[in-house]
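With CSV, C-alpha atoms inside, this is target.csv:
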chain,number,residue,atom,x,y,z
A,1,MET,CA,-9.0,-11.9,6.7
A,2,PRO,CA,-5.7,-10.0,7.0
A,3,GLN,CA,-3.6,-13.1,7.2
A,4,ALA,CA,-5.1,-14.5,4.0
A,5,ALA,CA,-4.7,-11.2,2.3
A,6,GLU,CA,-1.1,-11.0,3.4
A,7,PHE,CA,-0.4,-14.5,2.1
A,8,ASP,CA,-2.0,-13.4,-1.2
A,9,LEU,CA,0.3,-10.4,-1.4
A,10,GLU,CA,3.4,-12.5,-0.8
A,11,GLY,CA,2.3,-14.8,-3.6
A,12,MET,CA,1.8,-11.9,-6.0
A,13,LEU,CA,5.2,-10.5,-5.2
A,14,ARG,CA,6.8,-13.9,-5.9
A,15,ARG,CA,5.0,-14.1,-9.2
A,16,CYS,CA,6.0,-10.5,-10.1
A,17,ALA,CA,9.6,-11.6,-9.4
A,18,ASP,CA,9.0,-14.4,-12.0
A,19,GLY,CA,8.0,-11.9,-14.6
A,20,ASP,CA,4.2,-12.5,-14.3
A,21,ALA,CA,2.6,-9.2,-15.2
A,22,ALA,CA,-0.9,-10.6,-14.3
A,23,ALA,CA,0.3,-10.8,-10.7
A,24,LEU,CA,1.1,-7.1,-10.8
A,25,ARG,CA,-2.3,-6.4,-12.2
A,26,ALA,CA,-3.9,-8.5,-9.4
A,27,LEU,CA,-1.9,-6.4,-6.9
A,28,TYR,CA,-3.1,-3.3,-8.6
A,29,ASP,CA,-6.7,-4.4,-8.3
A,30,LEU,CA,-6.2,-5.2,-4.6
A,31,GLU,CA,-4.1,-2.3,-3.4
A,32,ALA,CA,-3.9,0.6,-5.9
A,33,ALA,CA,-6.9,2.5,-4.5
A,34,ARG,CA,-5.5,2.5,-1.0
A,35,MET,CA,-2.0,3.3,-2.4
A,36,ILE,CA,-3.4,6.4,-4.2
A,37,GLY,CA,-5.0,7.4,-0.9
A,38,VAL,CA,-1.8,7.1,1.0
A,39,ALA,CA,0.1,9.0,-1.7
A,40,GLN,CA,-2.5,11.8,-1.9
A,41,ARG,CA,-2.3,12.4,1.9
A,42,ILE,CA,1.3,13.3,1.3
A,43,VAL,CA,1.5,15.0,-2.1
A,44,ARG,CA,-2.1,16.5,-1.9
A,45,ARG,CA,-2.8,16.6,-5.6
A,46,ARG,CA,-4.5,13.6,-7.2
A,47,ALA,CA,-2.5,13.7,-10.5
A,48,VAL,CA,0.8,13.7,-8.5
A,49,ALA,CA,-0.5,10.9,-6.3
A,50,GLU,CA,-1.1,8.8,-9.5
A,51,GLU,CA,2.4,9.6,-10.6
A,52,VAL,CA,3.7,8.3,-7.3
A,53,VAL,CA,1.6,5.2,-7.5
A,54,HIS,CA,2.8,4.6,-11.1
A,55,ASP,CA,6.4,4.9,-10.0
A,56,ALA,CA,5.7,2.7,-7.0
A,57,PHE,CA,4.3,-0.1,-9.2
A,58,VAL,CA,7.3,0.1,-11.5
A,59,GLN,CA,9.6,-0.3,-8.5
A,60,ILE,CA,7.5,-3.1,-7.1
A,61,TRP,CA,7.8,-4.9,-10.4
A,62,ARG,CA,11.6,-4.4,-10.7
A,63,ARG,CA,12.4,-5.1,-7.0
A,64,ALA,CA,9.9,-7.9,-6.3
A,65,ALA,CA,12.7,-10.4,-6.2
A,66,SER,CA,14.4,-8.5,-3.3
A,67,PHE,CA,11.3,-8.8,-1.1
A,68,ASP,CA,12.1,-11.2,1.8
A,69,PRO,CA,9.1,-12.2,3.9
A,70,ALA,CA,11.5,-13.0,6.8
A,71,ARG,CA,12.2,-9.3,7.0
A,72,GLY,CA,8.7,-7.9,7.1
A,73,ALA,CA,5.2,-8.2,5.7
A,74,ALA,CA,4.5,-7.8,2.0
A,75,ARG,CA,2.0,-5.0,2.7
A,76,THR,CA,4.5,-3.1,4.8
A,77,TRP,CA,7.1,-3.4,2.0
A,78,ILE,CA,4.6,-2.2,-0.6
A,79,TYR,CA,3.5,0.8,1.4
A,80,ALA,CA,7.1,1.7,2.3
A,81,ILE,CA,7.8,2.0,-1.4
A,82,VAL,CA,4.7,4.3,-1.9
A,83,ARG,CA,5.4,6.5,1.0
A,84,HIS,CA,9.1,6.8,0.2
A,85,ARG,CA,8.3,7.8,-3.3
A,86,ALA,CA,5.7,10.3,-2.2
A,87,ILE,CA,7.9,11.9,0.4
A,88,SER,CA,10.8,12.2,-2.2
A,89,VAL,CA,8.4,14.0,-4.6
A,90,LEU,CA,7.3,16.3,-1.8
A,91,ARG,CA,10.9,17.1,-0.8
A,92,ASP,CA,12.0,17.6,-4.4
A,93,GLU,CA,9.1,20.0,-5.0
A,94,LYS,CA,10.0,22.0,-1.9
A,95,LYS,CA,13.7,22.1,-2.9
A,96,LEU,CA,12.7,23.4,-6.3
A,97,ALA,CA,10.3,25.8,-4.7
A,98,ILE,CA,7.4,24.4,-6.8
A,99,ASP,CA,4.3,26.0,-5.5
A,100,GLY,CA,2.1,23.5,-3.9
A,101,ASP,CA,-0.8,25.3,-5.4
A,102,GLU,CA,-3.9,25.0,-3.3
A,103,ASP,CA,-6.2,25.3,-6.3
A,104,ALA,CA,-4.5,22.2,-7.7
A,105,ALA,CA,-5.1,20.2,-4.6
A,106,ASP,CA,-8.4,18.8,-5.9
A,107,GLY,CA,-10.2,20.0,-2.8
A,108,PHE,CA,-7.9,17.8,-0.7
A,109,ALA,CA,-8.4,18.5,3.0
A,110,GLU,CA,-5.7,17.7,5.4
A,111,GLU,CA,-6.9,15.3,8.1
A,112,SER,CA,-6.6,16.0,11.8
A,113,CYS,CA,-4.8,13.6,14.1
A,114,ASP,CA,-8.2,12.7,15.7
A,115,GLU,CA,-9.7,11.8,12.3
A,116,VAL,CA,-6.8,9.5,11.6
A,117,MET,CA,-7.0,7.9,15.1
A,118,THR,CA,-10.7,7.1,14.7
A,119,ARG,CA,-9.9,5.2,11.5
A,120,LEU,CA,-7.4,3.0,13.2
A,121,SER,CA,-8.9,-0.4,14.1
A,122,ASP,CA,-10.0,-0.8,17.7
A,123,ALA,CA,-7.9,-4.0,17.8
A,124,SER,CA,-4.8,-2.1,16.7
A,125,SER,CA,-2.1,-2.1,19.4
A,126,LEU,CA,-0.7,1.0,17.6
A,127,ARG,CA,-3.9,2.8,18.3
A,128,ARG,CA,-3.8,1.7,22.0
A,129,CYS,CA,-0.2,2.9,22.3
A,130,LEU,CA,-0.7,6.2,20.4
A,131,GLU,CA,-3.6,7.0,22.7
A,132,ARG,CA,-1.3,6.6,25.7
A,133,LEU,CA,1.1,9.3,24.3
A,134,GLU,CA,1.0,12.9,25.3
A,135,THR,CA,-1.4,14.7,23.0
A,136,ARG,CA,1.3,16.8,21.3
A,137,ALA,CA,3.6,13.8,20.7
A,138,ARG,CA,0.7,11.8,19.2
A,139,LYS,CA,-0.2,14.7,17.0
A,140,LEU,CA,3.3,15.2,15.7
A,141,ILE,CA,3.9,11.5,15.0
A,142,VAL,CA,0.5,10.9,13.3
A,143,LEU,CA,0.6,14.0,11.2
A,144,THR,CA,4.2,13.5,10.2
A,145,TYR,CA,3.5,9.9,9.1
A,146,VAL,CA,0.3,10.6,7.1
A,147,HIS,CA,1.2,14.0,5.6
A,148,GLY,CA,4.9,13.7,5.3
A,149,LEU,CA,5.6,17.0,7.1
A,150,SER,CA,9.2,17.8,7.8
A,151,HIS,CA,10.6,18.9,11.2
A,152,SER,CA,10.9,22.5,10.0
A,153,GLU,CA,7.3,22.6,8.8
A,154,LEU,CA,6.1,21.1,12.1
A,155,ALA,CA,8.1,23.7,14.0
A,156,ALA,CA,6.6,26.5,12.0
A,157,ARG,CA,3.1,25.2,12.5
A,158,GLU,CA,3.5,24.6,16.2
A,159,GLY,CA,5.3,27.8,16.7
A,160,VAL,CA,8.1,26.1,18.6
A,161,PRO,CA,11.9,25.8,17.9
A,162,LEU,CA,13.1,23.0,15.6
A,163,GLY,CA,14.9,21.3,18.5
A,164,THR,CA,11.7,21.1,20.5
A,165,VAL,CA,9.8,19.4,17.7
A,166,LYS,CA,12.7,16.9,17.3
A,167,SER,CA,12.7,16.1,21.1
A,168,TRP,CA,8.9,15.7,21.3
A,169,ILE,CA,9.0,13.3,18.3
A,170,ARG,CA,12.0,11.4,19.7
A,171,ARG,CA,10.4,11.0,23.2
A,172,GLY,CA,7.1,10.0,21.7
A,173,ALA,CA,8.8,7.4,19.5
A,174,LEU,CA,10.6,5.9,22.4
A,175,ALA,CA,7.4,5.7,24.5
A,176,LEU,CA,5.6,4.2,21.5
A,177,ARG,CA,8.3,1.6,21.0
A,178,GLU,CA,8.2,0.6,24.7
A,179,CYS,CA,4.4,0.3,24.6
A,180,LEU,CA,4.5,-1.9,21.5
A,181,GLU,CA,7.1,-4.3,22.8
B,1,MET,CA,20.2,0.0,24.2
B,2,ASN,CA,23.1,2.3,24.8
B,3,GLY,CA,23.0,6.0,23.9
B,4,ARG,CA,24.4,5.5,20.4
B,5,ASP,CA,21.8,2.8,19.7
B,6,GLU,CA,19.0,5.0,21.0
B,7,GLY,CA,20.2,7.8,18.7
B,8,ARG,CA,20.2,5.4,15.8
B,9,ASP,CA,16.8,4.0,16.6
B,10,ALA,CA,15.4,7.6,16.9
B,11,LEU,CA,16.9,8.3,13.5
B,12,ALA,CA,15.3,5.1,12.1
B,13,ALA,CA,11.9,6.3,13.6
B,14,GLU,CA,12.2,9.7,12.0
B,15,TYR,CA,13.3,8.2,8.7
B,16,VAL,CA,10.1,6.0,8.6
B,17,LEU,CA,7.9,8.9,9.8
B,18,GLY,CA,9.3,10.9,6.8
B,19,SER,CA,10.3,13.9,8.9
B,20,LEU,CA,14.0,14.0,7.9
B,21,ASP,CA,15.4,16.3,5.3
B,22,GLY,CA,18.8,17.6,4.3
B,23,ALA,CA,21.9,16.0,5.9
B,24,GLU,CA,20.0,13.8,8.3
B,25,LEU,CA,18.0,12.3,5.5
B,26,ALA,CA,21.3,11.6,3.5
B,27,GLU,CA,22.8,10.0,6.6
B,28,ALA,CA,19.8,7.8,7.2
B,29,GLU,CA,19.8,6.7,3.6
B,30,ARG,CA,23.6,5.9,3.8
B,31,LEU,CA,23.1,3.8,6.9
B,32,LEU,CA,20.1,2.0,5.5
B,33,ALA,CA,22.3,0.7,2.6
B,34,ALA,CA,25.4,0.1,4.7
B,35,ASP,CA,24.3,-0.9,8.2
B,36,ALA,CA,22.2,-4.1,8.8
B,37,ALA,CA,21.3,-3.1,12.3
B,38,PHE,CA,20.0,0.3,11.1
B,39,ALA,CA,18.1,-1.5,8.3
B,40,GLY,CA,16.6,-3.8,10.9
B,41,ALA,CA,15.6,-0.8,13.1
B,42,VAL,CA,13.9,0.8,10.0
B,43,ALA,CA,12.0,-2.4,9.2
B,44,ALA,CA,10.8,-2.6,12.8
B,45,TRP,CA,9.5,1.0,12.7
B,46,ARG,CA,7.8,0.3,9.4
B,47,ALA,CA,6.0,-2.6,11.0
B,48,ARG,CA,5.1,-0.7,14.1
B,49,LEU,CA,3.5,2.2,12.2
B,50,ALA,CA,2.0,0.1,9.3
B,51,ASP,CA,-1.6,0.3,10.6
B,52,LEU,CA,-1.6,4.0,9.8
B,53,ASP,CA,-1.5,3.1,6.0
B,54,ALA,CA,-4.9,1.5,6.3
B,55,THR,CA,-6.4,4.8,7.6
B,56,ALA,CA,-6.0,6.3,4.1
B,57,ARG,CA,-9.2,6.6,2.2
B,58,PRO,CA,-9.2,4.5,-1.0
B,59,GLU,CA,-9.3,6.6,-4.2
B,60,PRO,CA,-10.6,5.2,-7.5
B,61,ALA,CA,-7.8,3.5,-9.4
B,62,GLY,CA,-8.7,3.4,-13.1
B,63,GLU,CA,-7.7,1.6,-16.2
B,64,ALA,CA,-5.8,4.6,-17.5
B,65,LEU,CA,-3.3,4.5,-14.6
B,66,TRP,CA,-3.0,0.7,-15.0
B,67,ASN,CA,-2.3,1.1,-18.8
B,68,ARG,CA,0.5,3.5,-18.1
B,69,ILE,CA,2.0,1.1,-15.5
B,70,ALA,CA,1.7,-1.8,-18.0
B,71,GLY,CA,3.4,0.3,-20.6
B,72,SER,CA,6.3,1.1,-18.3
B,73,ILE,CA,7.0,-2.5,-17.4
B,74,ALA,CA,6.4,-3.8,-20.9
B,75,PRO,CA,10.0,-4.2,-22.0
B,76,ALA,CA,10.5,-6.6,-19.0
B,77,ARG,CA,7.3,-8.5,-19.7
B,78,ALA,CA,7.7,-12.3,-20.0
B,79,PRO,CA,7.7,-13.6,-23.6
B,80,ALA,CA,4.5,-15.2,-24.8
B,81,THR,CA,6.1,-18.7,-24.6
B,82,SER,CA,6.0,-18.5,-20.8
B,83,ALA,CA,2.3,-17.6,-20.8
B,84,PRO,CA,0.9,-21.1,-20.3
B,85,ARG,CA,2.9,-21.6,-17.1
B,86,TRP,CA,1.5,-18.5,-15.4
B,87,TRP,CA,-1.9,-19.0,-17.0
B,88,TYR,CA,-2.4,-22.3,-15.2
B,89,GLY,CA,-1.0,-20.8,-12.0
B,90,LEU,CA,-3.5,-18.0,-12.4
B,91,TRP,CA,-6.3,-20.4,-12.9
B,92,GLU,CA,-5.7,-22.0,-9.5
B,93,SER,CA,-5.1,-18.7,-7.6
B,94,LEU,CA,-7.9,-17.7,-5.4
B,95,ALA,CA,-6.1,-14.4,-4.8
B,96,PHE,CA,-6.2,-13.6,-8.5
B,97,TRP,CA,-9.9,-14.3,-8.7
B,98,ARG,CA,-10.6,-12.3,-5.6
B,99,GLY,CA,-8.5,-9.5,-6.9
B,100,LEU,CA,-10.7,-8.9,-9.8
B,101,SER,CA,-12.7,-6.0,-8.6
B,102,LEU,CA,-14.2,-4.6,-11.8
B,103,ALA,CA,-17.6,-3.2,-11.0
B,104,THR,CA,-20.2,-5.4,-12.4
B,105,ALA,CA,-23.3,-4.1,-14.1
B,106,ALA,CA,-26.2,-5.9,-15.5
B,107,ALA,CA,-26.1,-5.8,-19.3
B,108,ALA,CA,-29.3,-6.4,-21.1
B,109,ALA,CA,-27.8,-6.9,-24.5
B,110,VAL,CA,-27.6,-10.4,-25.9
B,111,LEU,CA,-24.3,-11.0,-27.6
B,112,ALA,CA,-24.8,-12.9,-30.8
B,113,VAL,CA,-21.6,-14.8,-31.6
B,114,MET,CA,-21.4,-16.1,-35.1
B,115,ILE,CA,-18.8,-18.6,-35.9
B,116,ALA,CA,-20.4,-20.0,-39.1
B,117,ALA,CA,-21.0,-18.1,-42.3
B,118,THR,CA,-24.1,-20.2,-43.0
B,119,PRO,CA,-26.5,-19.9,-40.1
B,120,GLN,CA,-28.6,-22.9,-40.4
B,121,ARG,CA,-30.8,-22.3,-37.4
B,122,THR,CA,-31.4,-25.1,-35.0
B,123,ASP,CA,-33.3,-24.2,-31.9
B,124,GLN,CA,-31.8,-26.5,-29.4
B,125,PRO,CA,-28.2,-25.9,-28.3
B,126,ALA,CA,-26.0,-29.0,-28.3
B,127,PHE,CA,-23.7,-27.6,-25.5
B,128,VAL,CA,-24.3,-25.1,-22.7
B,129,ALA,CA,-21.8,-23.3,-20.4
B,130,VAL,CA,-22.5,-21.0,-17.5
B,131,LEU,CA,-19.6,-18.6,-17.3
B,132,THR,CA,-19.2,-17.5,-13.7
B,133,THR,CA,-17.5,-14.4,-12.2
B,134,ASP,CA,-14.7,-14.4,-9.7
B,135,THR,CA,-17.3,-14.5,-6.9
B,136,GLY,CA,-18.9,-17.6,-8.4
B,137,ARG,CA,-22.0,-15.8,-9.7
B,138,PRO,CA,-23.4,-16.6,-13.2
B,139,GLY,CA,-22.0,-13.9,-15.5
B,140,ALA,CA,-23.0,-15.3,-18.9
B,141,VAL,CA,-24.5,-18.3,-20.6
B,142,MET,CA,-22.9,-19.7,-23.7
B,143,HIS,CA,-24.8,-21.9,-26.1
B,144,ALA,CA,-23.1,-24.0,-28.9
B,145,TYR,CA,-25.3,-25.3,-31.7
B,146,THR,CA,-24.7,-28.2,-34.0
B,147,ASP,CA,-24.4,-25.9,-36.9
B,148,GLY,CA,-21.4,-24.1,-35.3
B,149,ARG,CA,-23.3,-21.1,-34.1
B,150,VAL,CA,-22.4,-19.9,-30.5
B,151,THR,CA,-24.3,-17.4,-28.5
B,152,LEU,CA,-23.2,-15.7,-25.4
B,153,ILE,CA,-25.9,-14.2,-23.3
B,154,PRO,CA,-24.6,-11.9,-20.6
B,155,LEU,CA,-26.4,-12.0,-17.2
B,156,GLU,CA,-24.0,-9.9,-15.2
B,157,ILE,CA,-20.9,-8.7,-16.9
B,158,ALA,CA,-18.4,-6.0,-16.2
B,159,PRO,CA,-18.6,-3.0,-18.6
B,160,ILE,CA,-15.6,-3.0,-20.9
B,161,PRO,CA,-13.2,-0.3,-19.7
B,162,GLU,CA,-12.3,2.4,-22.1
B,163,GLY,CA,-9.4,1.3,-24.4
B,164,ARG,CA,-9.8,-2.4,-23.6
B,165,SER,CA,-11.5,-5.4,-25.2
B,166,LEU,CA,-12.9,-8.5,-23.8
B,167,GLN,CA,-11.4,-11.6,-25.3
B,168,LEU,CA,-12.9,-15.1,-25.3
B,169,TRP,CA,-10.5,-18.0,-24.8
B,170,SER,CA,-10.9,-21.8,-25.3
B,171,ILE,CA,-9.2,-23.7,-22.6
B,172,SER,CA,-8.9,-27.3,-23.7
B,173,THR,CA,-6.8,-30.4,-23.1
B,174,ALA,CA,-6.7,-30.5,-26.9
B,175,ALA,CA,-4.4,-27.5,-27.0
B,176,PRO,CA,-1.3,-26.7,-24.9
B,177,ALA,CA,-2.3,-23.1,-24.2
B,178,PRO,CA,-5.5,-21.0,-24.3
B,179,VAL,CA,-6.7,-20.3,-27.8
B,180,ALA,CA,-8.2,-16.9,-28.6
B,181,VAL,CA,-11.6,-17.4,-30.2
B,182,GLY,CA,-13.3,-14.1,-30.1
B,183,LEU,CA,-13.1,-10.4,-29.2
B,184,MET,CA,-15.7,-8.0,-27.9
B,185,ASP,CA,-14.9,-4.3,-28.3
B,186,GLN,CA,-18.3,-3.3,-27.2
B,187,VAL,CA,-20.8,-5.3,-25.1
B,188,ARG,CA,-22.7,-6.3,-28.2
B,189,THR,CA,-20.9,-8.2,-30.9
B,190,ILE,CA,-18.1,-10.7,-31.1
B,191,ARG,CA,-16.6,-12.6,-34.0
B,192,LEU,CA,-15.1,-16.0,-33.5
B,193,ASP,CA,-12.7,-17.7,-35.8
B,194,PRO,CA,-14.2,-21.1,-36.3
B,195,GLY,CA,-10.9,-22.5,-37.7
B,196,HIS,CA,-9.4,-22.5,-34.3
B,197,LEU,CA,-12.0,-24.6,-32.6
B,198,SER,CA,-12.3,-28.4,-32.9
B,199,PRO,CA,-15.4,-30.1,-31.7
B,200,ALA,CA,-13.5,-31.3,-28.7
B,201,GLN,CA,-12.5,-27.7,-27.8
B,202,LEU,CA,-16.1,-26.6,-28.2
B,203,ARG,CA,-17.0,-29.1,-25.5
B,204,GLU,CA,-14.5,-27.9,-22.9
B,205,ARG,CA,-13.7,-24.7,-21.0
B,206,PHE,CA,-14.1,-21.1,-21.9
B,207,ALA,CA,-12.8,-17.9,-20.3
B,208,VAL,CA,-13.2,-14.2,-20.9
B,209,SER,CA,-10.3,-11.8,-20.1
B,210,VAL,CA,-9.8,-8.1,-20.2
B,211,GLU,CA,-7.2,-7.2,-22.8
B,212,PRO,CA,-5.8,-4.1,-24.6
B,213,ALA,CA,-8.1,-2.8,-27.4
B,214,GLY,CA,-7.9,-5.2,-30.3
B,215,GLY,CA,-6.9,-8.2,-28.2
B,216,SER,CA,-3.9,-9.6,-26.4
B,217,PRO,CA,-0.7,-8.5,-28.0
B,218,THR,CA,1.0,-11.8,-27.1
B,219,GLY,CA,-1.7,-14.2,-28.3
B,220,GLN,CA,-2.1,-15.3,-24.7
B,221,PRO,CA,-4.3,-13.9,-21.9
B,222,THR,CA,-2.5,-10.9,-20.3
B,223,GLY,CA,-5.3,-9.3,-18.4
B,224,PRO,CA,-7.6,-10.3,-15.6
B,225,VAL,CA,-10.1,-13.1,-16.3
B,226,VAL,CA,-13.6,-11.9,-15.6
B,227,LEU,CA,-15.6,-15.0,-16.6
B,228,GLN,CA,-15.0,-18.7,-17.0
B,229,GLY,CA,-17.0,-21.9,-17.3
B,230,GLN,CA,-17.2,-25.4,-18.6
B,231,MET,CA,-19.3,-26.5,-21.6
B,232,LYS,CA,-21.7,-29.4,-20.9
B,233,PRO,CA,-24.0,-31.3,-23.2
B,234,ALA,CA,-27.5,-29.7,-23.2
B,235,ASP,CA,-30.4,-31.9,-22.1
Represent the structure from my file as structure tokens, please.
Amino acid sequence: MPQAAEFDLEGMLRRCADGDAAALRALYDLEAARMIGVAQRIVRRRAVAEEVVHDAFVQIWRRAASFDPARGAARTWIYAIVRHRAISVLRDEKKLAIDGDEDAADGFAEESCDEVMTRLSDASSLRRCLERLETRARKLIVLTYVHGLSHSELAAREGVPLGTVKSWIRRGALALRECLE
Amino acid sequence: MNGRDEGRDALAAEYVLGSLDGAELAEAERLLAADAAFAGAVAAWRARLADLDATARPEPAGEALWNRIAGSIAPARAPATSAPRWWYGLWESLAFWRGLSLATAAAAAVLAVMIAATPQRTDQPAFVAVLTTDTGRPGAVMHAYTDGRVTLIPLEIAPIPEGRSLQLWSISTAAPAPVAVGLMDQVRTIRLDPGHLSPAQLRERFAVSVEPAGGSPTGQPTGPVVLQGQMKPAD
């Protein structure tokens, strides 16, 4: 019941804005597990993912009053906070040249684009539209979103110039937008 | 869209994908704060790609992480005086009940709840309550005896998370807010304060919530309610 769940999330955010800590707890019970999963795909290490989710909940608590259902779904708002925090942590670590030690990655295995695609709901129009993209554009868009890879990392992995990666992503994004409209 | 708008929309897409760094990231963040059209483009891209969040595998979210979050927001927590308002809202909220996802486990132990120093045994309880879980399943049976003894017999009850206590509350029209009547630090023993309970309260509603070890710091329920039920006269 996605609609009912969305309604519940909006109510929880409203109650958080009123200072009701029990609503944040209810949100934790409902979404924290998935939030850790989203964060871990980006920062790799479980302990860091928990830090990200900790910070995200503190932000949700402080910023709940600024959530406006007219500007987007509650779930989208919540996950934007988690992903933003995770990507910031990842970028900061790279800037400080902190070694993303593989041993510390808790056996985390990066997912392939195909794996992610199979877990998208059959009813998802995003899935339908991603399937219509060129393979390389689909791969770049999906892997960028779920793993937080930067343009330069993608260029190194794909063995192509930075500008090529950028133009593939931009063309793919344009085609995706048209398909979804 | 003209060329400039296309460029802006592509920047919004890249920002949401998370692929920007350096000067482009700084530019996107500046626009997000200053330009409503750009903020709208970012919101639209978030909505378009949101289904990808649901493809992440859930990872266990434990009490330790919650306790740290609760500690971080504690200075902003509403004072205890506001508790009854949210408490009654909570009571009505299906979302809240549905959100309680503590793993349940059958507990064989019988919780003996003593509220009287002089246990004059009478074999027939005067009042009985079936406390149900958030899914409406019987979680425990409470018996109140005429001599003031109360027993709580768990049928299906969540194990108490580490560092937490289960607290029993009386919810009665005779009191403006829930009254703490007992604490379980282990799934075995509980002590009630008989001074808090009038005969009228004994006949009304009870609930069990998860609280920090030693009980709610505010004197009002702060954690999820895992069981609740209404006392009724025994046959």
Residues of chain B no more than 8 Å from chain A, counting all atoms listed in the file: send them over as a ChimeraX atom specification.
/B:10,13-14,16-21,43,46-61,65-66,68-70,72-73,76-78,86,95-96,99-101,222-224
Which value, in Å to one decimal, gives the distance between CA of Met184 in chain B and CA of Pro125 in chain B?
21.8 Å
Quick check, in Å to one decimal: how far apart do CA of Gly62 in chain B and CA of Ala213 in chain B lie?
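These two atoms are separated by 15.6 Å.
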What gap, in Å, lies between CA of Glu110 in chain A and CA of Glu134 in chain A?
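So the answer is 21.5 Å.
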For Ser66 in chain A, find every residue with an atom within 10 Å (counting all atoms listed in the file), except residues of its own chain fewer than 2 positions away, and show them as a PyMOL selection string.
chain A and resi 13-14+17+60+62-64+68-69
Could you list, as a PyMOL selection string, every residue within 8 Å of Phe127 in chain B, counting all atoms listed in the file and ignoring same-chain residues fewer than 4 positions away?
chain B and resi 143-145+203+231-234
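Using all atoms listed in the file, the shortest contact distance between Arg164 in chain B and any of B:Leu202, B:Ala33, B:Leu183, B:Val128 is found at B:Leu183.
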